[in-house]
Structures are given as C-alpha cells and as structure tokens.
Amino acid sequence: MNGQFDYSSDDSLMRGLNPLLKLFMLIIVLAGILIYPSWRLSSILLLLVLLLFRATGTSLKLSKRRTKFIILFTILLLVFQVLLTTNGTTFGFIIPQLGDFGPFFPITDFGIERGLSISLRFLLIVLSSMLFVSVTDPTLLAHSLTRLRIPFRYSFALVIALRFLPLFDSENQVVRLAQKSRGIEPEVGGLRKIIRTVQYTFFPLLVSSLSRVETLSMSMDGRGFGYSDTRTYYRKSEWHARDSLVLFISITYLVFCVLIALGLIPQLTGII
Amino acid sequence: MLEVKDLTFSYDGLTQVLGSVDFKINRGEIVTITGPTGSGKSTLAKCLSGFIPRSIKGSFTGTIMIDEEDMSELSLAEISKKVSLVQQDPDSQICTLKVADEVAFGPENYGFELESIKNLIDSTLSEVDATHLQHRPTFAISGGEKQRVAIASMLSCQPDYLILDEPSSSLDPKGILSLRKILSKLKARNVGVVCIEHNLEAVRPISNRILTLSNGAISSWTFSEKPTIKDVREHPTHENNCLLFMKNINFSYGLRKVIQNVELAIHKGEIIALMGANGSGKTTLVSLLGGLLTPDTGEIFLEKAPIRGMSRKEITKNLSIVFQNPNHQIFERTVWREQNLTIDILGHQSSEDYQRATALLEDADLATMKERNPFSLSHGQKRRLNVSSVSVHSPHILLFDEPFIGQDFDGRNFILNILINTATNGGASLVVTHDSNFAKNHCDRVIFMENGSILLDGPPETVFKRLIEMNRAEFVSLEVK
C-alpha cells in the first residue's frame with residue numbers, strides 16, 4: 001500500500017519519547033501559537049520542527065500533489081492577508097496612482113506580519129502533525145491511552161481505523177474500475193442521476209465493509225477480545241525521566257505564551 | 001476429540017441449514033469437509049468454533065463436545081482457547097499494524113505473561129514459516145503471508161483444534177504447498193484440523209478423511225469422476241483475426257513497476273488461461289487490457305482501433321470484465337436490475353435482450369431469485385451473477401479474474417459454457433486462474449507471468465512442460481511427486 005500511515009521505528013530520542021507525551025507536545029505547540037500568534041515565534045518553532053525532521057531522519061517527501069497543495073495554500077494565505085490588510089505603515093501600493101485611478105491594495109507592515117503569522121502557522125500545523133505521525137507508533141499511542149483510563153476497547157479503535165483505512169482506499173479504487181468496466185460513468189445532470197452515481201459507489205463499499213466488520217469482530221472475539229478487564233501488553237511504552245523533563249519544558253512554553261499574550265512580559269513582545 | 005451430535009441449525013427458523021449433523025474429529029487428524037455452495041459448510045465452521053449460537057443467533061439444537069466437555073456451558077472466549085477458526089478472508093481478520101502485535105493479540109487478551117507471549121510469537125511464527133515477517137507492517141505483506149499470519153495469530157492462543165474455512169481460496173500453488181506443510185506440522189503436534197474446502201486437490205494429499213456436507217447432513221466423500229463439458233472447438237488460427245492487442249506495455253503504481261514490456265494478442269475463437277504466482281501482475285494486466293488503466297508506455301488496440309480514444313460505452317459493448325471480489329461489482333438493488341444494468345446503460349432494451357437476460361439467469365440457477373437483493377446471495381451465487389450480468393449483451397471479449405473460486409460443479413459448468421459459447425461465436429476470452437485442469441482441458445493457450453513480464457506463452461502442453469523443466473511444477477499439478 002502507499003506509505004500514507006508510515007511509521008518507521010528506530011531508537012532515536014524523539015521516537016523513544018512516550019507517545020502520549022508526543023501527542024501532548026503537539027497539542028501544546030499548536031495551542032501556544034494560537035494563543036500568541038506571532039510570526040517570529042512561529043518561525044522559530046517551524047525552524048525547530050524542520051531541525052527535528054532532520055535529526056530524526058524523517059523524510060519530508062510527500063506526493064507531488066500534496067506538496068503542491070501545501071505550498072500553494074501557504075502562498076495564497078500570505079498574499080491574501082497582504083492584499084486585504086490596509087492598516088499599518090504603508091510601504092507602497094500594488095496598483096499605484098495613475099491620474100485619477102488608484103491607488104489600490106496598499107502593502108503595509110502589519111499586513112505582511114499578519115500574512116506571515118497565518119501562513120507560518122499553517123505550515124507549522126501541517127509539518128508538526130506530519131512529524132508527530134512519523135515518529136509515533138500508533139499501537140503504542142493506543143496502548144498508552146489506557147493510562148488516561150480510556151478503556152482498551154475504545155483506544156484500540158485507533159489501531160483498527162489505521163489498519164482498515166488503506167484497505168478502504170484500495171477498495172474504492174477497485175469499485176471505480178468495476179463501474180468503468182460496466183460503462184457506468186459519473187453523471188451529474190439532475191438529482192436522480194447524482195443519487196444513482198452515489199449509490200453505485202456507496203452500495204458496494206458499504207456491503208464489503210459490513211462483511212469485513214463481521215469477519216473482523218469474529219476474528220477478535222475468537223481471540224479473547226474483552227475476555228477480561230485487564231490484559232497484558234507485549235509492547236508498551238514507559239515513562240522515563242526525560243519524558244518528565246520534556247513535559248516540564250512544554251508546560252513552561254505554554255505558560256510563557258499565555259504570559260506574553262496577556263502582555264505580562266512587555267520586554268519580550270518586541271523581540272518574539 | 002471434538003464431537004458433534006445431532007446438530008441442527010437455522011438462521012431464520014424456517015430454512016434448515018444444518019439438519020442432524022454427526023461426526024467426530026480426533027486430535028492429530030486432518031479432516032476435510034467439502035460440499036456444494038450454500039450447503040452450510042461455513043455455518044458448520046461457526047458452530048464448531050462457538051460463534052453459533054453465541055454471537056450469531058438462530059435456532060440451534062444438538063451438542064458439541066470438546067474433549068468430553070459440553071461446549072454449551074462455555075463462553076466464547078473459553079471455547080476460543082480450545083477451538084480456533086481461521087476465516088476465509090485473511091485481510092479482514094488482521095486487526096493490528098504489525099505482524100508481531102497480531103500474533104500477540106490473543107495471548108494479550110487472555111492476560112498471558114510477557115515472557116510467554118514472546119515465546120509464543122517466536123514459536124508460532126516459526127511454525128508457519130513466517131519468522132522473517134515478525135517486524136513487518138501487516139498491510140505490506142502479500143496475501144499468502146497474510147494468511148500465514150492469520151493462522152499464527154490463532155495458534156498463539158494454543159487451541160487444540162483449528163478450523164479453516166476455504167484456506168486455499170486466496171493462495172497460489174506455492175502458497176498451497178506451504179499451507180499443506182503447516183497443517184501437517186500441526187497434525188504432528190497433535191492438533192485436530194478441520195478444513196472446509198472446495199478445492200479438494202489442495203488439501204486431499206494431507207487429509208486423513210474427507211466428508212461431504214450436502215442437504216444439511218454429513219456423509220463420507222467418495223471419489224467420482226464427474227463428466228466435464230465436452231469442448232469440441234477447433235483450435236483457432238492466429239491469422240488476421242486479432243481482437244485485442246497490446247504492445248510495449250509498461251505500467252507502475254507509483255515507483256513500483258508492475259508490468260514490464262508486455263506484448264500480447266488475443267485472437268478470435270481463443271480461450272486463454274493467464275497463470276502465475278500471486279503478485280505477478282495478472283490482475284493489473286487484465287485492467288490494462290480492458291482499458292481501465294492507462295499504461296505508462298505502449299498502446300492497446302481493440303479490433304485495430306486504439307482503446308485510448310474510445311468511449312467507455314463503446315469498450316463495454318465489446319469487452320466485459322469480472323473482477324475478483326464479487327462485492328465490488330454489484331451495483332443494483334435486485335438481481336434482475338443488476339442483470340440488466342449493462343443493457344440499460346448501452347440502451348439495448350429490446351425484448352430479445354430481456355429474453356436473453358432471463359435465459360442466462362436460468363442457466364446460472366438464479367431465476368427464482370430475481371427480486372432478491374443481490375448482496376444477500378451466497379458468494380458462489382454472487383459470482384455467477386457477476387458473470388451472467390456482464391455477458392447479457394454478448395460481448396466479443398471476456399476477461400475473467402479467478403471466476404472459479406468458490407464455485408461448485410454446476411457453477412463451474414455455467415461459467416465454462418459462457419466461455420465456450422463466446423469462443424464458438426467468434427469471440428475470445430482470457431481467464432486468470434491457478435486451475436491447471438481448466439487450462440489443460442479447455443484452453444487453447446496458456447500465458448504464464450512472472451514479475452510483471454510474460455515468461456511463457458503457448459499451447460498448454462508446451463507451457464506446462466517448460467514449467468516443469470523450470471522447477472515450477474506446482475503450477476502444473478498439485479499432486480505430490
């Protein structure tokens with residue numbers, strides 16, 4: 001299958017961290033830049049994330065289509081903000097004054113800052129999530145969710161979803177080929193035709209997933225799933241001293257973001 | 001001993017699926033149960049493994065004894081420790097992301113000690129020859145490997161009896177040989193094995209006994225030579241009558257090259273068997289031939305016109321494809337509407353067409369089910385509906401991917417008749433199959449693929465002779481040498 005949900009294991013520091021901590025870190029980093037949306041802070045964090053990509057040997061390569069989408073979207077975000085924000089010190093105009101015509105679309109320092117802040121945040125959200133996915137073993141994450149008193153029955157759903165997503169993806173493609181071979185072409189003229197098109201894709205997929213669900217539940221019940229409230233784990237993540245240290249740093253970062261956002265550290269607002 | 005006494009079962013309380021089934025299996029014995037499609041073999045497997053009546057309801061009577069202990073007093077989890085069921089589709093049974101996790105899943109649920117889980121992973125994986133897969137992600141292993149992992153994940157619960165439902169259906173000949181080895185090892189370890197199987201050739205050499213389940217009752221199986229359909233066609237000539245032709249074809253999924261430099265022509269009157277190991281590119285080749293995928297290089301011609309420029313309807317008029325999984329190619333809500341889907345799309349709604357549709361449904365033994373929802377049919381019936389619904393408009397070219405899997409004698413003959421009629425009327429067909437008997441008795445040509453290329457192409461005798469010389473005898477015959 002495609003490497004959409006790739007997790008490659010080795011013993012680097014980042015991978016060795018507790019998966020729950022990594023999830024927590026991801027949430028904290030993103031919460032921080034939402035609380036204090038400065039482009040400087042975002043670029044520092046972005047640089048950090050890129051360094052971590054490098055340090056963990058995670059490939060930044062995505063399919064062409066996705067890379068294109070991410071880059072295009074980032075630029076669009078930037079350009080829109082720059083064009084549409086009019087307050088702040090004006091540097092110049094995109095369309096200068098020509099006689100009575102113009103000037104339109106002023107470029108302001110505030111506009112550029114806002115544009116950078118939004119587009120950098122977007123990049124940071126995408127890239128840090130990618131990093132999280134590639135350095136976290138989903139099975140271990142699911143197992144450690146039980147620490148939060150989430151019953152295994154529910155946390156295991158995460159593993160099952162990741163297991164079956166690629167299957168549905170490939171199944172969807174086969175159904176489309178089968179439709180094509182019967183001469184069924186997607187039609188959009190009128191509600192009835194749309195419903196028919198949806199039905200031709202939805203029915204086969206629904207039926208095959210229902211039969212998969214039956215097989216899966218028998219296979220799990222047949223191996224004692226839910227046999228007892230406690231179970232053992234062949235692989236389970238542990239909590240080390242370094243996890244506590246990283247947790248401490250993460251919380252400090254969050255507190256720091258809140259303090260600056262509230263204007264309680266005025267000395268720093270100019271720098272970060 | 002696993003003992004079944006006077007077992008009856010019905011899903012709806014009206015139609016009896018099993019009526020008075022009696023038999024015994026000893027530990028250290030391999031028993032194969034065969035029978036026509038819809039005879040209740042899978043239902044019996046679910047009874048033996050305790051899913052009926054615990055998680056699947058219906059009216060159930062009779063007793064099943066596991067080593068003198070009445071099963072009715074045990075919970076499903078307790079039964080599973082003694083009797084395990086490996087179901088038909090290995091892909092849907094695997095619930096974790098890593099092979100080692102999958103094998104550990106049962107022991108973890110039963111709360112085994114970490115040390116013994118580790119030992120069980122090692123021992124069961126080595127029992128199914130899959131030690132090298134231990135750290136692999138479950139989605140990245142082949143179909144045959146998935147089945148071995150599914151078996152290992154059951155064995156790690158240390159059952160005394162193992163039930164396998166159609167274990168050979170997704171395997172190529174190499175996979176079948178490996179399955180035989182695994183089952184023989186289990187037998188030697190004093191595990192009782194029940195194989196539910198259509199393809200008797202696959203498990204006969206290792207079975208101690210073969211039973212037949214038909215009309216809800218079990219009897220012992222006796223060998224009887226069934227008459228195969230006489231195929232009296234003359235071998236077609238290849239001159240100037242090419243229906244479908246492909247040249248210089250290369251195709252890859254992402255970075256993975258699947259088809260390499262293939263050239264192939266299909267002529268009027270031919271029935272061709274496309275053989276080869278799983279993953280050798282047979283299914284992809286069929287999709288390319290049918291114009292469903294666009295090759296990276298090369299051109300495909302349908303009766304001398306490039307398929308690339310044709311409309312989908314024009315292609316469908318001339319060429320029909322049946323895919324592997326019946327569920328992926330049924331679109332309508334009743335059998336009758338499904339049967340007529342293609343003629344409706346092509347606008348051939350004459351009374352002759354509908355008559356042919358009815359006649360085909362009768363041949364497929366589906367005429368009484370016209371108003372049924374096709375998804376409620378059995379696997380074998382769905383498969384026959386697939387074949388009949390793509391044949392209604394009499395296309396010249398048929399491309400069938402493993403049509404015989406799960407078919408009993410009658411279903412097989414129905415499909416064979418369609419292939420032969422198409423060939424006699426100047427059409428041609430290409431059938432992806434592992435069935436060497438079909439190739440010997442009915443095909444004019446065998447094409448053997450390996451790693452995305454055509455390795456051999458010629459009359460069945462010649463190709464099979466070469467295969468034996470090339471150390472690939474299992475594709476020719478599964479008989480023990």
# chains A, B, ... in the order shown; residues from 1 in each chain; ligands from 1
>>> interface_residues(of="chain B", to="chain A", cutoff="7 Å", atoms="only C-alpha atoms", output="PyMOL selection string")
chain B and resi 77+80+84+92-93+95-97+104+106+108-112+114+117+139-140+154+157+292+312-313+316+320-321+327-331+342+345
>>> write_last_selection(atoms="C-alpha atoms", output="short mmCIF file (atom, residue, chain, number, x, y, z; two decimals), in the first residue's frame")
data_model
loop_
_atom_site.label_atom_id
_atom_site.label_comp_id
_atom_site.auth_asym_id
_atom_site.auth_seq_id
_atom_site.Cartn_x
_atom_site.Cartn_y
_atom_site.Cartn_z
CA ALA B 77 -13.58 -16.76 24.97
CA SER B 80 -11.69 -19.95 21.51
CA SER B 84 -9.98 -21.58 16.77
CA SER B 92 -10.26 -8.61 7.28
CA GLN B 93 -9.09 -10.81 10.14
CA CYS B 95 -6.63 -6.15 13.32
CA THR B 96 -3.23 -4.72 14.21
CA LEU B 97 -0.49 -2.88 12.37
CA ALA B 104 0.45 -11.32 20.40
CA GLY B 106 -4.80 -13.32 21.58
CA GLU B 108 -2.50 -10.35 25.45
CA ASN B 109 -6.27 -10.55 25.73
CA TYR B 110 -6.02 -13.71 27.79
CA GLY B 111 -3.53 -11.95 30.05
CA PHE B 112 -0.53 -14.20 29.41
CA LEU B 114 5.08 -11.12 28.85
CA ILE B 117 3.89 -14.05 24.87
CA PHE B 139 -0.51 -4.02 5.32
CA ALA B 140 2.74 -4.52 3.45
CA MET B 154 -4.90 -18.19 16.12
CA CYS B 157 -3.90 -18.90 21.67
CA LEU B 292 -9.37 0.65 -17.26
CA ARG B 312 -16.35 3.80 -22.17
CA LYS B 313 -19.64 2.55 -23.61
CA THR B 316 -18.13 -2.07 -22.70
CA SER B 320 -16.52 -7.44 -20.33
CA ILE B 321 -14.52 -7.88 -17.18
CA ASN B 327 -18.99 -7.39 -3.71
CA HIS B 328 -17.06 -4.74 -5.59
CA GLN B 329 -19.02 -5.17 -8.81
CA ILE B 330 -22.67 -5.41 -7.82
CA PHE B 331 -24.46 -2.08 -8.04
CA THR B 342 -25.30 -3.11 -18.77
CA ILE B 345 -26.62 1.63 -19.96
#
>>> residues_around(residues="Val262 (chain B)", least_positions_apart="2", cutoff="12 Å", atoms="only C-alpha atoms", output="number ranges by chain")
B: 245-251, 258-260, 264-265, 281-282, 284-285, 288-289, 295-300, 447-457
>>> atom_distance(atom1="CA of Ile141 (chain B)", atom2="CA of Gly279 (chain B)")
10.9 Å
>>> select_by_dssp(residues="region 162-214 of chain A", states="alpha helix (DSSP H)", output="MDAnalysis selection string")
chainID A and resid 162:181 191:214
>>> residues_around(residues="region 62-74 of chain B", least_positions_apart="4", cutoff="12 Å", atoms="only C-alpha atoms", output="count of residues only")
39
>>> atom_distance(atom1="CA of Gly99 (chain A)", atom2="CA of Gly111 (chain A)")
25.8 Å
>>> select_by_dssp(residues="region 270-463 of chain B", states="strand (DSSP E or B)", output="PyMOL selection string")
chain B and resi 271-276+297-302+305-306+319-322+397-401+428-432+445-450+453-458
>>> write_last_selection(atoms="N, CA and C atoms", output="short mmCIF file (atom, residue, chain, number, x, y, z; two decimals), in the first residue's frame")
data_model
loop_
_atom_site.label_atom_id
_atom_site.label_comp_id
_atom_site.auth_asym_id
_atom_site.auth_seq_id
_atom_site.Cartn_x
_atom_site.Cartn_y
_atom_site.Cartn_z
N ILE B 271 -9.59 -19.38 -26.07
CA ILE B 271 -9.76 -19.29 -24.62
C ILE B 271 -8.35 -19.38 -24.04
N ILE B 272 -7.97 -18.35 -23.30
CA ILE B 272 -6.60 -18.28 -22.81
C ILE B 272 -6.59 -18.33 -21.29
N ALA B 273 -5.69 -19.12 -20.72
CA ALA B 273 -5.51 -19.11 -19.26
C ALA B 273 -4.32 -18.21 -18.95
N LEU B 274 -4.53 -17.25 -18.06
CA LEU B 274 -3.43 -16.39 -17.62
C LEU B 274 -3.02 -16.88 -16.23
N MET B 275 -1.82 -17.46 -16.15
CA MET B 275 -1.39 -18.06 -14.89
C MET B 275 -0.16 -17.34 -14.35
N GLY B 276 0.20 -17.69 -13.12
CA GLY B 276 1.37 -17.08 -12.50
C GLY B 276 1.13 -16.91 -11.01
N THR B 297 3.71 3.33 -20.94
CA THR B 297 4.14 3.36 -22.34
C THR B 297 3.36 2.30 -23.08
N GLY B 298 3.34 2.39 -24.40
CA GLY B 298 2.71 1.36 -25.20
C GLY B 298 1.29 1.70 -25.56
N GLU B 299 0.72 0.85 -26.39
CA GLU B 299 -0.62 1.12 -26.92
C GLU B 299 -1.43 -0.17 -26.91
N ILE B 300 -2.73 -0.02 -26.70
CA ILE B 300 -3.63 -1.19 -26.72
C ILE B 300 -4.66 -0.96 -27.82
N PHE B 301 -4.89 -2.00 -28.62
CA PHE B 301 -5.84 -1.87 -29.72
C PHE B 301 -6.99 -2.84 -29.54
N LEU B 302 -8.20 -2.32 -29.64
CA LEU B 302 -9.39 -3.16 -29.60
C LEU B 302 -9.89 -3.23 -31.04
N ALA B 305 -8.47 -0.56 -33.41
CA ALA B 305 -8.58 0.86 -33.06
C ALA B 305 -7.97 1.06 -31.68
N PRO B 306 -7.20 2.13 -31.48
CA PRO B 306 -6.60 2.35 -30.16
C PRO B 306 -7.67 2.54 -29.09
N LEU B 319 -16.38 -5.64 -24.72
CA LEU B 319 -15.47 -6.31 -23.79
C LEU B 319 -16.03 -6.27 -22.37
N SER B 320 -16.02 -7.41 -21.71
CA SER B 320 -16.52 -7.44 -20.33
C SER B 320 -15.47 -7.97 -19.39
N ILE B 321 -15.50 -7.45 -18.17
CA ILE B 321 -14.52 -7.88 -17.18
C ILE B 321 -15.25 -8.34 -15.92
N VAL B 322 -14.78 -9.45 -15.32
CA VAL B 322 -15.26 -9.83 -14.00
C VAL B 322 -14.07 -9.76 -13.06
N ILE B 397 -15.32 -10.09 -26.16
CA ILE B 397 -14.13 -10.42 -25.36
C ILE B 397 -14.52 -10.49 -23.89
N LEU B 398 -14.13 -11.59 -23.25
CA LEU B 398 -14.39 -11.74 -21.81
C LEU B 398 -13.06 -11.80 -21.08
N LEU B 399 -12.90 -10.98 -20.05
CA LEU B 399 -11.71 -11.04 -19.22
C LEU B 399 -12.18 -11.37 -17.81
N PHE B 400 -11.92 -12.61 -17.36
CA PHE B 400 -12.42 -13.06 -16.05
C PHE B 400 -11.24 -13.27 -15.10
N ASP B 401 -11.32 -12.65 -13.92
CA ASP B 401 -10.25 -12.80 -12.94
C ASP B 401 -10.68 -13.82 -11.89
N ALA B 428 -13.55 -14.22 -27.87
CA ALA B 428 -12.37 -14.79 -27.21
C ALA B 428 -12.44 -14.48 -25.73
N SER B 429 -11.71 -15.26 -24.93
CA SER B 429 -11.69 -14.92 -23.52
C SER B 429 -10.34 -15.20 -22.90
N LEU B 430 -10.07 -14.45 -21.84
CA LEU B 430 -8.84 -14.63 -21.10
C LEU B 430 -9.24 -14.80 -19.64
N VAL B 431 -8.79 -15.90 -19.03
CA VAL B 431 -9.21 -16.22 -17.68
C VAL B 431 -7.99 -16.29 -16.77
N VAL B 432 -7.96 -15.46 -15.75
CA VAL B 432 -6.90 -15.55 -14.75
C VAL B 432 -7.23 -16.72 -13.84
N ARG B 445 -4.49 -21.66 -25.17
CA ARG B 445 -3.19 -21.08 -24.88
C ARG B 445 -3.06 -20.88 -23.37
N VAL B 446 -1.83 -20.98 -22.89
CA VAL B 446 -1.56 -20.60 -21.51
C VAL B 446 -0.50 -19.50 -21.54
N ILE B 447 -0.78 -18.42 -20.82
CA ILE B 447 0.23 -17.37 -20.68
C ILE B 447 0.68 -17.40 -19.24
N PHE B 448 1.98 -17.50 -19.01
CA PHE B 448 2.49 -17.57 -17.64
C PHE B 448 3.28 -16.30 -17.34
N MET B 449 2.85 -15.60 -16.29
CA MET B 449 3.53 -14.34 -15.95
C MET B 449 4.43 -14.50 -14.74
N GLU B 450 5.51 -13.74 -14.75
CA GLU B 450 6.37 -13.71 -13.57
C GLU B 450 6.93 -12.30 -13.45
N SER B 453 6.27 -9.69 -16.21
CA SER B 453 6.55 -9.96 -17.62
C SER B 453 5.92 -11.29 -18.01
N ILE B 454 5.72 -11.47 -19.32
CA ILE B 454 5.23 -12.76 -19.78
C ILE B 454 6.43 -13.68 -19.93
N LEU B 455 6.42 -14.76 -19.15
CA LEU B 455 7.56 -15.68 -19.16
C LEU B 455 7.36 -16.72 -20.26
N LEU B 456 6.13 -17.24 -20.35
CA LEU B 456 5.83 -18.28 -21.33
C LEU B 456 4.49 -17.99 -21.97
N ASP B 457 4.34 -18.38 -23.23
CA ASP B 457 3.08 -18.17 -23.93
C ASP B 457 3.00 -19.24 -25.02
N GLY B 458 2.01 -20.11 -24.95
CA GLY B 458 1.91 -21.15 -25.97
C GLY B 458 0.82 -22.13 -25.63
#
>>> residues_around(residues="Asp109 (chain A)", least_positions_apart="6", cutoff="7 Å", atoms="only C-alpha atoms", output="list in words")
Gly88, Thr89 and Thr90 of chain A
>>> atom_distance(atom1="CA of Gly263 (chain A)", atom2="CA of Gln81 (chain A)")
24.4 Å
>>> residues_around(residues="Ile112 (chain A)", least_positions_apart="3", cutoff="12 Å", atoms="only C-alpha atoms", output="ChimeraX atom specification")
/A:38-39,77-91,106-109,115-120
>>> write_last_selection(atoms="N, CA and C atoms", output="CSV table (one decimal), in the first residue's frame")
chain,number,residue,atom,x,y,z
A,38,SER,N,2.4,35.1,17.0
A,38,SER,CA,3.4,36.0,16.4
A,38,SER,C,4.1,35.3,15.3
A,39,TRP,N,4.5,36.0,14.3
A,39,TRP,CA,5.2,35.3,13.2
A,39,TRP,C,6.6,34.9,13.6
A,77,LEU,N,-2.4,32.1,1.4
A,77,LEU,CA,-2.7,32.7,2.7
A,77,LEU,C,-1.9,34.0,2.9
A,78,LEU,N,-0.7,34.0,2.5
A,78,LEU,CA,0.2,35.1,2.7
A,78,LEU,C,-0.3,36.3,1.8
A,79,VAL,N,-0.5,36.0,0.5
A,79,VAL,CA,-0.9,37.0,-0.4
A,79,VAL,C,-2.2,37.7,0.0
A,80,PHE,N,-3.2,36.8,0.3
A,80,PHE,CA,-4.5,37.4,0.7
A,80,PHE,C,-4.4,38.3,1.9
A,81,GLN,N,-3.7,37.9,2.9
A,81,GLN,CA,-3.5,38.8,4.1
A,81,GLN,C,-2.8,40.1,3.7
A,82,VAL,N,-1.8,40.0,2.9
A,82,VAL,CA,-1.1,41.2,2.5
A,82,VAL,C,-2.0,42.1,1.7
A,83,LEU,N,-2.8,41.6,0.8
A,83,LEU,CA,-3.6,42.4,-0.1
A,83,LEU,C,-4.8,43.0,0.7
A,84,LEU,N,-5.3,42.2,1.7
A,84,LEU,CA,-6.6,42.7,2.3
A,84,LEU,C,-6.4,43.5,3.6
A,85,THR,N,-5.2,43.5,4.1
A,85,THR,CA,-5.0,44.2,5.3
A,85,THR,C,-4.5,45.7,5.0
A,86,THR,N,-5.3,46.7,5.4
A,86,THR,CA,-4.9,48.0,5.0
A,86,THR,C,-4.3,48.9,6.1
A,87,ASN,N,-4.5,48.4,7.3
A,87,ASN,CA,-3.9,49.3,8.4
A,87,ASN,C,-2.4,49.0,8.7
A,88,GLY,N,-1.8,49.9,9.3
A,88,GLY,CA,-0.3,49.8,9.5
A,88,GLY,C,0.4,50.8,8.6
A,89,THR,N,1.7,50.8,8.7
A,89,THR,CA,2.5,51.7,7.9
A,89,THR,C,2.6,51.2,6.5
A,90,THR,N,2.2,52.1,5.6
A,90,THR,CA,2.2,51.7,4.2
A,90,THR,C,3.5,51.8,3.5
A,91,PHE,N,3.9,50.7,2.9
A,91,PHE,CA,5.2,50.7,2.1
A,91,PHE,C,5.0,51.2,0.7
A,106,PRO,N,-2.8,48.6,-0.8
A,106,PRO,CA,-1.6,49.1,-0.1
A,106,PRO,C,-0.9,47.9,0.5
A,107,ILE,N,0.4,47.9,0.5
A,107,ILE,CA,1.2,46.9,1.2
A,107,ILE,C,1.6,47.6,2.5
A,108,THR,N,1.2,46.9,3.7
A,108,THR,CA,1.6,47.6,4.9
A,108,THR,C,2.4,46.6,5.8
A,109,ASP,N,3.1,47.1,6.7
A,109,ASP,CA,4.0,46.3,7.6
A,109,ASP,C,3.1,45.3,8.4
A,115,GLY,N,0.2,38.3,7.4
A,115,GLY,CA,0.3,37.2,6.4
A,115,GLY,C,1.3,36.2,6.8
A,116,LEU,N,2.5,36.6,7.3
A,116,LEU,CA,3.5,35.7,7.7
A,116,LEU,C,3.0,34.9,8.9
A,117,SER,N,2.3,35.5,9.8
A,117,SER,CA,1.9,34.8,11.0
A,117,SER,C,0.9,33.7,10.6
A,118,ILE,N,0.0,34.0,9.7
A,118,ILE,CA,-1.0,33.0,9.4
A,118,ILE,C,-0.4,31.9,8.5
A,119,SER,N,0.4,32.3,7.5
A,119,SER,CA,0.9,31.2,6.7
A,119,SER,C,1.9,30.4,7.4
A,120,LEU,N,2.7,31.0,8.3
A,120,LEU,CA,3.7,30.2,9.0
A,120,LEU,C,3.0,29.2,10.0
>>> closest_residue(among="A:Ile272, A:Leu245, A:Leu264, A:Ile95", to="Ser42 (chain A)", atoms="only C-alpha atoms")
A:Ile272
>>> closest_residue(among="B:Glu352, B:Glu469, B:Asp231, B:Glu314", to="Ile418 (chain B)", atoms="only C-alpha atoms")
B:Asp231
>>> residues_around(residues="Leu45 (chain A)", least_positions_apart="4", cutoff="9 Å", atoms="only C-alpha atoms", output="PyMOL selection string")
chain A and resi 29+40-41+49-50+124
>>> residues_around(residues="region 64-72 of chain A", least_positions_apart="4", cutoff="9 Å", atoms="only C-alpha atoms", output="NGL selection string")
:A and (76-77 or 122-123 or 126)
